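Novice: Let me begin by handing over the structure; questions about it come next.
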Amino acid sequence: MRAVARRDDETRAAVRQAVSVSVATGLYGVSFGALSVAAGLDLAQTMALSLLMFSGGSQFAFIGVVGAGGPGAAIATAGLLGVRNGLYGPQVAPLLGAHGWRRPLAAHLTIDESTAVATAHRAGPAARAGFWWTGAGVFVLWNAFTLVGALLGDALGDPRRYGLDAAAAAAFLALVWPRLGGATGRLARLVAGAAVVVALALTPVVPPGVPVLSAAAVAILVGMLVRPGPDDVAPDDEEARASGGGS
């Protein structure tokens, strides 16, 4: 009974986390809508990007390059940055166990935020709730506020003056920060620090998207070369192993 209550509490915590992340990220859609129209895209094109591409980083990269480099360069840049979402699949798929029509839906909702919330919890109901609530919440609010930003356009002025340019990054940092503490040990801090150094070093000299992929490659490389020690395992993971499962 105590285990069930604890699992329910964790699931509710995951849902609350998902809602807060969805609101913060969704509000940032106002910036994309306004900037997309300012870059020369019409309302239908702007909404198509949010509905079909549905990857904030790739969308901003696309509209940032389309004017200066043409559609070919914009597609290449956005695609390169979007590759990171494919790297999330092997980590998220075992948590969800999605089959049938849920599988392509889960693929479309696999973004930075849904992956971060899902992997912040143990495999089981909490991880699944975190993923689906975050993915669906961000999708609905991102598209709604993209529409608002595109319709209001110039009336909004520069969205950065409202701090919306930092909303998504701040929400993502809030998810990552607890995993860098004592419970996750030195390995997480090593990966985070190395990824930051690589991304910052490459940003001024390579096309958009490459620093993100290079930072992801750092995490993969560390995972292949360094075995986690006892201090790198969170207490919840130890308990799950002791009980013979993660859910």
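Residues in the structure tokens are numbered from 1 in each chain, the chains being A, B, ... in the order shown, and ligands are numbered from 1 in the order shown.
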Extract, using only C-alpha atoms, all DNA, RNA and protein residues at most 10 Å from A:Gly33, discarding same-chain residues fewer than 5 positions from it, and format them as a PyMOL selection string.

Specialist: chain A and resi 28+38-39+41-43+46-47+49-50+60+142-153+159

Novice: Between A:Val66, A:Leu225, A:Val205, A:Val19, which is the closest to A:Ala129 once you count only C-alpha atoms?

Specialist: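 Looking at the shortest contact to A:Ala129, the residue is A:Val19.
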
Novice: Contacts of A:Gln59 at 8 Å or less, counting only C-alpha atoms, minus same-chain residues fewer than 3 places along, as number ranges by chain?

Specialist: A: 32, 49-50, 53-56, 62-63, 78

Novice: Which value, in Å to one decimal, gives the distance between atom CA of A:Gly89 and atom CA of A:Leu109?

Specialist: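 Taking atom CA of A:Gly89 and atom CA of A:Leu109, their separation equals 10.6 Å.
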